[in-house]
$ cat work37.cif   # mmCIF, C-alpha atoms
data_structure
#
loop_
_atom_site.label_atom_id
_atom_site.label_comp_id
_atom_site.auth_asym_id
_atom_site.auth_seq_id
_atom_site.Cartn_x
_atom_site.Cartn_y
_atom_site.Cartn_z
CA MET A 101 -2.09 2.60 70.53
CA TYR A 102 -4.36 -0.14 71.92
CA SER A 103 -6.05 2.48 74.08
CA GLN A 104 -9.12 0.26 74.58
CA LEU A 105 -7.16 -2.88 75.49
CA PRO A 106 -7.78 -3.98 79.10
CA PRO A 107 -4.93 -5.40 81.21
CA LEU A 108 -4.05 -8.89 79.98
CA SER A 109 -4.28 -10.31 83.50
CA TRP A 110 -7.94 -9.25 83.63
CA LEU A 111 -8.57 -10.90 80.26
CA ARG A 112 -6.87 -14.11 81.43
CA ALA A 113 -9.06 -14.14 84.54
CA PHE A 114 -12.18 -13.67 82.40
CA ASP A 115 -11.14 -16.40 79.94
CA ALA A 116 -10.35 -18.96 82.65
CA SER A 117 -13.48 -18.17 84.67
CA ALA A 118 -15.71 -18.45 81.61
CA ARG A 119 -14.16 -21.75 80.47
CA LEU A 120 -14.26 -23.34 83.93
CA GLY A 121 -17.46 -21.72 85.18
CA SER A 122 -15.95 -20.89 88.56
CA PHE A 123 -13.64 -18.33 90.15
CA THR A 124 -12.26 -21.11 92.34
CA LEU A 125 -11.29 -23.35 89.43
CA ALA A 126 -9.93 -20.37 87.51
CA ALA A 127 -7.81 -19.46 90.53
CA GLU A 128 -6.30 -22.96 90.61
CA GLU A 129 -5.38 -22.74 86.92
CA LEU A 130 -3.88 -19.26 87.21
CA GLY A 131 -2.13 -19.78 90.54
CA LEU A 132 -4.15 -17.05 92.26
CA THR A 133 -6.73 -16.86 95.01
CA PRO A 134 -10.44 -16.89 94.13
CA SER A 135 -10.81 -13.37 95.50
CA ALA A 136 -7.97 -12.14 93.25
CA VAL A 137 -9.64 -13.65 90.18
CA SER A 138 -13.00 -12.15 91.18
CA TYR A 139 -11.31 -8.76 91.67
CA GLN A 140 -9.72 -8.88 88.20
CA VAL A 141 -12.99 -9.85 86.53
CA ARG A 142 -14.78 -7.00 88.31
CA GLY A 143 -12.04 -4.63 87.15
CA LEU A 144 -12.58 -5.78 83.57
CA GLU A 145 -16.31 -5.30 83.84
CA ALA A 146 -15.82 -1.83 85.28
CA LYS A 147 -13.51 -0.85 82.42
CA LEU A 148 -15.89 -2.19 79.80
CA GLY A 149 -18.93 -0.71 81.51
CA HIS A 150 -20.90 -3.94 81.23
CA ALA A 151 -21.36 -7.12 83.25
CA LEU A 152 -19.82 -10.23 81.71
CA PHE A 153 -21.17 -12.76 84.24
CA ARG A 154 -24.33 -13.40 86.18
CA ARG A 155 -23.28 -14.78 89.56
CA GLU A 156 -25.89 -17.33 90.68
CA HIS A 157 -25.47 -19.76 93.59
CA ARG A 158 -21.68 -19.92 93.25
CA MET A 159 -22.08 -20.58 89.54
CA LEU A 160 -21.03 -18.20 86.81
CA GLN A 161 -23.25 -17.64 83.78
CA LEU A 162 -22.08 -15.51 80.88
CA THR A 163 -24.22 -12.57 79.95
CA ARG A 164 -25.10 -11.94 76.29
CA LEU A 165 -22.12 -9.58 75.96
CA GLY A 166 -19.91 -12.05 77.80
CA GLN A 167 -20.86 -14.77 75.33
CA ALA A 168 -19.96 -12.48 72.42
CA TYR A 169 -16.67 -11.38 74.00
CA LEU A 170 -15.34 -14.80 75.08
CA PRO A 171 -14.55 -16.28 71.60
CA VAL A 172 -12.53 -13.18 70.68
CA VAL A 173 -10.51 -13.27 73.90
CA ALA A 174 -10.02 -17.05 73.71
CA LYS A 175 -8.84 -16.89 70.09
CA ALA A 176 -6.36 -14.12 70.91
CA PHE A 177 -4.77 -16.20 73.68
CA ALA A 178 -4.79 -19.32 71.47
CA ASP A 179 -3.05 -17.43 68.66
CA ILE A 180 -0.40 -16.07 71.04
CA ASP A 181 0.16 -19.52 72.48
CA ALA A 182 0.50 -21.17 69.05
CA THR A 183 2.84 -18.50 67.73
CA THR A 184 4.99 -18.60 70.86
CA SER A 185 5.29 -22.37 70.55
CA SER A 186 6.10 -22.12 66.85
CA LEU A 187 8.79 -19.48 67.26
CA PHE A 188 10.33 -20.40 70.60
CA GLY A 189 9.16 -23.87 71.62
CA LYS A 190 10.49 -27.34 70.91
CA ALA A 191 8.97 -27.31 67.43
CA ALA A 192 11.01 -24.23 66.59
CA GLU A 193 14.17 -25.95 67.82
CA ALA A 194 13.56 -28.85 65.43
CA GLU A 195 13.16 -26.53 62.42
CA ILE A 196 16.26 -25.76 60.36
CA THR A 197 16.55 -22.44 58.56
CA LEU A 198 18.66 -22.75 55.41
CA ARG A 199 19.71 -19.75 53.37
CA CYS A 200 20.83 -20.67 49.88
CA VAL A 201 21.96 -18.84 46.75
CA SER A 202 18.94 -19.00 44.46
CA SER A 203 20.60 -20.74 41.51
CA LEU A 204 22.12 -23.42 43.74
CA SER A 205 18.78 -23.93 45.44
CA LEU A 206 16.81 -24.43 42.21
CA LEU A 207 19.41 -26.19 40.07
CA TRP A 208 21.16 -28.37 42.65
CA LEU A 209 19.40 -28.60 46.01
CA VAL A 210 15.70 -28.90 45.17
CA PRO A 211 16.15 -31.94 42.87
CA ARG A 212 17.86 -33.74 45.79
CA LEU A 213 15.40 -32.95 48.56
CA GLU A 214 13.47 -36.18 48.07
CA ARG A 215 16.57 -38.04 49.25
CA PHE A 216 16.87 -35.75 52.26
CA ARG A 217 13.23 -36.33 53.18
CA ALA A 218 13.72 -40.08 52.90
CA ALA A 219 16.78 -39.94 55.16
CA PHE A 220 15.35 -37.49 57.70
CA PRO A 221 11.53 -37.69 57.55
CA GLU A 222 11.06 -35.77 60.82
CA SER A 223 13.21 -32.78 59.84
CA ARG A 224 11.55 -29.53 58.86
CA LEU A 225 13.34 -27.08 56.55
CA ARG A 226 12.69 -23.37 56.25
CA PHE A 227 14.19 -21.95 53.05
CA LEU A 228 15.42 -18.42 52.50
CA SER A 229 16.51 -17.53 48.97
CA ALA A 230 19.44 -15.21 48.44
CA SER A 231 21.58 -13.51 45.85
CA TRP A 232 25.34 -13.83 46.18
CA SER A 233 25.51 -10.04 46.68
CA GLU A 234 23.11 -9.92 49.64
CA MET A 235 24.42 -9.55 53.18
CA PRO A 236 23.74 -12.60 55.38
CA GLU A 237 21.22 -12.48 58.21
CA GLY A 238 23.02 -14.77 60.60
CA GLU A 239 20.65 -14.20 63.51
CA GLU A 240 17.90 -16.09 61.65
CA ILE A 241 19.94 -18.69 59.79
CA ASP A 242 21.18 -22.11 60.86
CA VAL A 243 23.02 -23.00 57.65
CA ASP A 244 24.04 -20.38 55.09
CA ILE A 245 25.28 -21.53 51.67
CA ARG A 246 27.42 -18.80 50.11
CA PHE A 247 29.51 -18.39 46.99
CA GLY A 248 32.98 -16.90 47.25
CA ASP A 249 36.47 -17.60 48.50
CA GLY A 250 35.52 -18.90 51.95
CA THR A 251 37.08 -16.08 53.97
CA TRP A 252 34.01 -15.09 56.01
CA THR A 253 34.53 -14.52 59.73
CA ASP A 254 31.00 -14.58 61.12
CA GLY A 255 30.82 -18.34 61.63
CA GLU A 256 32.32 -21.74 60.95
CA VAL A 257 33.10 -22.14 57.23
CA LEU A 258 33.01 -25.56 55.55
CA SER A 259 33.75 -26.21 51.89
CA LEU A 260 30.80 -27.60 49.95
CA MET A 261 31.80 -27.69 46.27
CA HIS A 262 34.16 -26.17 43.74
CA SER A 263 32.76 -26.74 40.27
CA GLU A 264 34.75 -26.08 37.11
CA VAL A 265 33.52 -23.21 34.93
CA ILE A 266 32.37 -23.97 31.39
CA ALA A 267 31.00 -22.01 28.43
CA VAL A 268 27.65 -23.17 27.10
CA GLY A 269 25.26 -22.12 24.36
CA THR A 270 22.67 -23.59 22.01
CA ALA A 271 23.81 -25.84 19.18
CA GLY A 272 22.72 -23.15 16.76
CA ARG A 273 24.78 -20.51 18.53
CA VAL A 274 28.07 -22.36 19.03
CA GLN A 275 29.90 -25.27 17.46
CA ASP A 276 30.19 -28.02 20.06
CA GLY A 277 33.61 -27.87 21.67
CA ALA A 278 35.01 -25.18 19.36
CA PRO A 279 35.96 -21.99 21.27
CA ASP A 280 36.61 -19.98 18.08
CA THR A 281 32.89 -19.29 17.78
CA LEU A 282 33.04 -17.27 20.98
CA VAL A 283 34.83 -14.39 19.25
CA THR A 284 31.63 -13.24 17.53
CA ALA A 285 29.01 -14.64 19.92
CA PRO A 286 27.19 -12.41 22.45
CA LEU A 287 28.65 -13.22 25.84
CA ILE A 288 26.69 -13.65 29.08
CA GLU A 289 28.69 -13.04 32.25
CA LEU A 290 28.02 -13.37 35.96
CA VAL A 291 28.87 -10.23 37.89
CA GLY A 292 31.06 -10.48 40.96
CA VAL A 293 32.94 -13.66 39.99
CA VAL A 294 36.70 -13.88 39.48
CA ASP A 295 36.52 -16.60 36.83
CA GLY A 296 35.09 -14.57 33.96
CA TRP A 297 35.39 -14.27 30.21
CA GLN A 298 38.79 -12.57 30.30
CA GLN A 299 40.25 -15.55 32.15
CA PHE A 300 38.44 -17.95 29.83
CA PHE A 301 39.80 -16.28 26.67
CA ALA A 302 43.31 -16.11 28.12
CA ARG A 303 43.22 -19.87 28.66
CA HIS A 304 41.46 -21.04 25.49
CA LEU A 305 42.09 -18.24 22.99
CA PRO A 306 45.43 -16.70 23.96
CA GLY A 307 46.11 -13.42 22.20
CA VAL A 308 42.40 -12.74 21.62
CA THR A 309 40.76 -10.03 23.70
CA ALA A 310 37.43 -11.01 25.20
CA PRO A 311 34.56 -8.89 23.83
CA GLU A 312 32.52 -6.85 26.27
CA PRO A 313 29.66 -9.08 27.54
CA ALA A 314 26.27 -8.42 25.99
CA TYR A 315 24.53 -9.39 29.25
CA LYS A 316 25.63 -9.24 32.87
CA VAL A 317 23.50 -11.08 35.43
CA ASP A 318 23.84 -12.03 39.10
CA GLN A 319 22.38 -15.54 38.91
CA SER A 320 23.58 -18.62 37.02
CA LEU A 321 19.96 -19.62 36.41
CA ILE A 322 19.32 -16.37 34.52
CA ALA A 323 22.50 -16.84 32.49
CA LEU A 324 21.47 -20.37 31.52
CA GLU A 325 17.96 -19.34 30.53
CA LEU A 326 19.31 -16.52 28.35
CA ALA A 327 21.64 -19.01 26.69
CA CYS A 328 18.75 -21.45 26.13
CA ARG A 329 16.93 -18.74 24.20
CA GLY A 330 19.89 -18.36 21.91
CA LEU A 331 20.70 -14.90 23.21
CA GLY A 332 24.35 -15.66 23.88
CA VAL A 333 26.93 -17.94 25.43
CA ALA A 334 26.98 -18.29 29.22
CA LEU A 335 29.96 -18.94 31.47
CA VAL A 336 28.70 -20.90 34.47
CA ALA A 337 29.64 -23.62 36.95
CA GLU A 338 29.52 -27.05 35.34
CA VAL A 339 27.29 -28.40 38.12
CA PHE A 340 24.59 -25.88 37.17
CA ALA A 341 24.88 -26.53 33.43
CA ARG A 342 24.79 -30.33 33.79
CA PRO A 343 20.99 -30.80 33.41
CA TYR A 344 20.95 -28.45 30.41
CA LEU A 345 23.74 -30.44 28.77
CA ALA A 346 22.11 -33.77 29.59
CA ASP A 347 18.85 -32.98 27.79
CA GLY A 348 20.52 -31.20 24.87
CA ARG A 349 19.23 -27.72 25.53
CA LEU A 350 22.82 -26.49 25.61
CA VAL A 351 26.21 -27.70 24.40
CA ARG A 352 29.75 -26.86 25.45
CA ALA A 353 31.39 -24.03 23.57
CA ALA A 354 34.85 -25.34 24.55
CA ALA A 355 35.88 -28.84 25.46
CA ALA A 356 38.22 -27.84 28.30
CA PRO A 357 36.84 -26.13 31.43
CA LEU A 358 38.23 -23.21 33.39
CA PRO A 359 39.39 -24.20 36.90
CA ALA A 360 37.37 -22.41 39.55
CA ARG A 361 39.00 -20.18 42.13
CA GLN A 362 35.73 -19.61 43.98
CA GLY A 363 33.21 -22.09 45.26
CA HIS A 364 30.20 -22.75 47.43
CA TYR A 365 30.65 -22.95 51.18
CA LEU A 366 28.53 -23.80 54.19
CA VAL A 367 28.65 -21.07 56.82
CA LEU A 368 27.33 -21.92 60.28
CA PRO A 369 26.70 -18.52 61.92
CA ALA A 370 28.35 -18.08 65.30
CA SER A 371 25.09 -16.68 66.67
CA ARG A 372 23.33 -20.04 66.20
CA ASN A 373 23.82 -23.48 67.74
CA SER A 374 25.59 -25.39 64.97
CA ARG A 375 25.86 -28.51 67.18
CA ARG A 376 22.12 -29.17 67.15
CA ARG A 377 21.45 -32.68 65.91
CA GLU A 378 19.18 -31.45 63.11
CA VAL A 379 21.75 -28.93 61.88
CA ALA A 380 24.63 -31.41 62.05
CA SER A 381 22.58 -33.94 60.08
CA LEU A 382 21.77 -31.41 57.35
CA VAL A 383 25.40 -30.32 57.07
CA ALA A 384 26.60 -33.92 56.77
CA TRP A 385 23.94 -34.69 54.16
CA LEU A 386 24.76 -31.60 52.07
CA ARG A 387 28.47 -32.45 52.01
CA ALA A 388 27.73 -36.07 51.15
CA GLU A 389 25.51 -34.96 48.25
CA ALA A 390 28.22 -32.60 47.01
CA GLY A 391 30.71 -35.46 47.14
CA ARG A 392 28.31 -37.71 45.23
CA ASP A 393 27.87 -34.97 42.63
CA GLU A 394 31.61 -34.46 42.28
CA ARG A 395 32.13 -38.16 41.66
CA ALA A 396 29.35 -38.11 39.05
CA GLY A 397 31.02 -35.19 37.33
CA ASP A 398 34.38 -36.97 37.28
CA ALA A 399 32.73 -40.01 35.78
#

$ encode --input "work37.cif" --output "structure tokens"
Amino acid sequence: MYSQLPPLSWLRAFDASARLGSFTLAAEELGLTPSAVSYQVRGLEAKLGHALFRREHRMLQLTRLGQAYLPVVAKAFADIDATTSSLFGKAAEAEITLRCVSSLSLLWLVPRLERFRAAFPESRLRFLSASWSEMPEGEEIDVDIRFGDGTWTDGEVLSLMHSEVIAVGTAGRVQDGAPDTLVTAPLIELVGVVDGWQQFFARHLPGVTAPEPAYKVDQSLIALELACRGLGVALVAEVFARPYLADGRLVRAAAAPLPARQGHYLVLPASRNSRRREVASLVAWLRAEAGRDERAGDA
């Protein structure tokens, strides 16, 4: 692999000499002696089998092949420099990588990002979408928003929100606030949650066995969209259903909610620096937004 690639030190010597027009100036930039730079350039020419410079009166002039080769070499070094700065430099340190469950990202976080940008105009966010069932990639993540019981051990865990669970469907599918209609309605259930239809029926329709769900999905967003199409009744977190209820796309199938035993948590992976100013600011903002949302729900 890369069998034709010359030593990078030779290419650096060629690039510097061509830009500066002098082995002496190139040597100053590279921290070498002029003879060492000249030796490396001659080594490159020998490997390529062609002269890259015409040496005239202590001045260097690129040959035709040298002129064709220089932009390629210069671009390669520029690309490496830019990528190194992006991944490992100060700009990379200022970037925050946030991994978020997809439904929470689309239904809760994205509509609030304008406020975050107004509060922290210099911050740069890198988003990674996730399903609740995916394993975290803590080595790449500054803030990981997960759904569960908060018992993870791979970082600092902070509670974000616990939203009550409600049943929702279209007005044509369910009678607003009347759980009896659920007995014959197709049910839409989220897989992997502990607050499911069996718990809902036990609380609101004691003595009635919950039918087997017609649909099982792993995202609240999918459940809500199925419900919007009249395909069934979804059991989701109230915070996700709120915009659907507000514009009338969906109505509650039961007036009383089901208390949630699981919630959304912020996990700050131990492998990352959670004390960075940018990360601390994002965490504080997320928790403040969750508190604002909880107060709005109570109201």

$ closest_residue --input "work37.cif" --among "A:Ala327, A:Val336, A:Leu207, A:Leu105" --to "Arg349 in chain A" --atoms "all atoms listed in the file"
A:Ala327

$ resolve_selection --input "work37.cif" --expression "the PyMOL selection byres ((chain A and resi 142-146) around 10)" --output "list in words"
Pro106, Pro107, Leu108, Ser109, Trp110, Leu111, Ala113, Phe114, Ala136, Val137, Ser138, Tyr139, Gln140, Val141, Lys147, Leu148, Gly149, His150, Ala151, Leu152, Phe153 and Gly166 of chain A

$ axis_aligned_box --input "work37.cif" --around "range 250-268 of chain A" --padding-each-side "3 Å" --output "lines of an AutoDock Vina configuration file"
center_x = 32.4
center_y = -21.1
center_z = 44.4
size_x = 15.4
size_y = 19.2
size_z = 40.5

$ closest_residue --input "work37.cif" --among "A:Ala285, A:Val379, A:Val367, A:Val201" --to "Trp252 in chain A" --atoms "only C-alpha atoms"
A:Val367

$ resolve_selection --input "work37.cif" --expression "the PyMOL selection byres ((chain A and resi 265-273) around 6)" --output "PDB file with C-alpha atoms, in the frame of the given file"
ATOM      1  CA  GLU A 264      34.750 -26.080  37.110  1.00  0.00           C
ATOM      2  CA  VAL A 274      28.070 -22.360  19.030  1.00  0.00           C
ATOM      3  CA  ALA A 327      21.640 -19.010  26.690  1.00  0.00           C
ATOM      4  CA  GLY A 330      19.890 -18.360  21.910  1.00  0.00           C
ATOM      5  CA  VAL A 333      26.930 -17.940  25.430  1.00  0.00           C
ATOM      6  CA  ALA A 334      26.980 -18.290  29.220  1.00  0.00           C
ATOM      7  CA  LEU A 335      29.960 -18.940  31.470  1.00  0.00           C
ATOM      8  CA  VAL A 336      28.700 -20.900  34.470  1.00  0.00           C
ATOM      9  CA  ALA A 337      29.640 -23.620  36.950  1.00  0.00           C
ATOM     10  CA  GLU A 338      29.520 -27.050  35.340  1.00  0.00           C
ATOM     11  CA  LEU A 350      22.820 -26.490  25.610  1.00  0.00           C
ATOM     12  CA  VAL A 351      26.210 -27.700  24.400  1.00  0.00           C
ATOM     13  CA  ARG A 352      29.750 -26.860  25.450  1.00  0.00           C
ATOM     14  CA  ALA A 353      31.390 -24.030  23.570  1.00  0.00           C
ATOM     15  CA  PRO A 357      36.840 -26.130  31.430  1.00  0.00           C
ATOM     16  CA  LEU A 358      38.230 -23.210  33.390  1.00  0.00           C
TER      17      LEU A 358
END

$ atom_distance --input "work37.cif" --atom1 "CA of Lys316 in chain A" --atom2 "CA of Leu287 in chain A"
8.6 Å

$ residues_around --input "work37.cif" --residues "range 155-160 of chain A" --least-positions-apart "6" --cutoff "8 Å" --atoms "all atoms listed in the file" --output "list in words"
Ser117, Ala118, Gly121 and Ser122 of chain A

$ residues_around --input "work37.cif" --residues "Leu204 in chain A" --least-positions-apart "2" --cutoff "12 Å" --atoms "only C-alpha atoms" --output "ChimeraX atom specification"
/A:199-202,206-212,229-232,244-247,260-261,263,319-322,336-341,363-365,386,390

$ residues_near_point --input "work37.cif" --point "(13.0, -35.7, 61.8)" --cutoff "10 Å" --atoms "all atoms listed in the file" --output "NGL selection string"
:A and (194-195 or 217-224 or 377-378 or 381)

$ write_last_selection --input "work37.cif" --atoms "C-alpha atoms" --output "compact mmCIF listing (two decimals), keeping the file's coordinate frame"
# COMPACT_ATOMS: atom_id res chain seq x y z
CA ALA A 194 13.56 -28.85 65.43
CA GLU A 195 13.16 -26.53 62.42
CA ARG A 217 13.23 -36.33 53.18
CA ALA A 218 13.72 -40.08 52.90
CA ALA A 219 16.78 -39.94 55.16
CA PHE A 220 15.35 -37.49 57.70
CA PRO A 221 11.53 -37.69 57.55
CA GLU A 222 11.06 -35.77 60.82
CA SER A 223 13.21 -32.78 59.84
CA ARG A 224 11.55 -29.53 58.86
CA ARG A 377 21.45 -32.68 65.91
CA GLU A 378 19.18 -31.45 63.11
CA SER A 381 22.58 -33.94 60.08
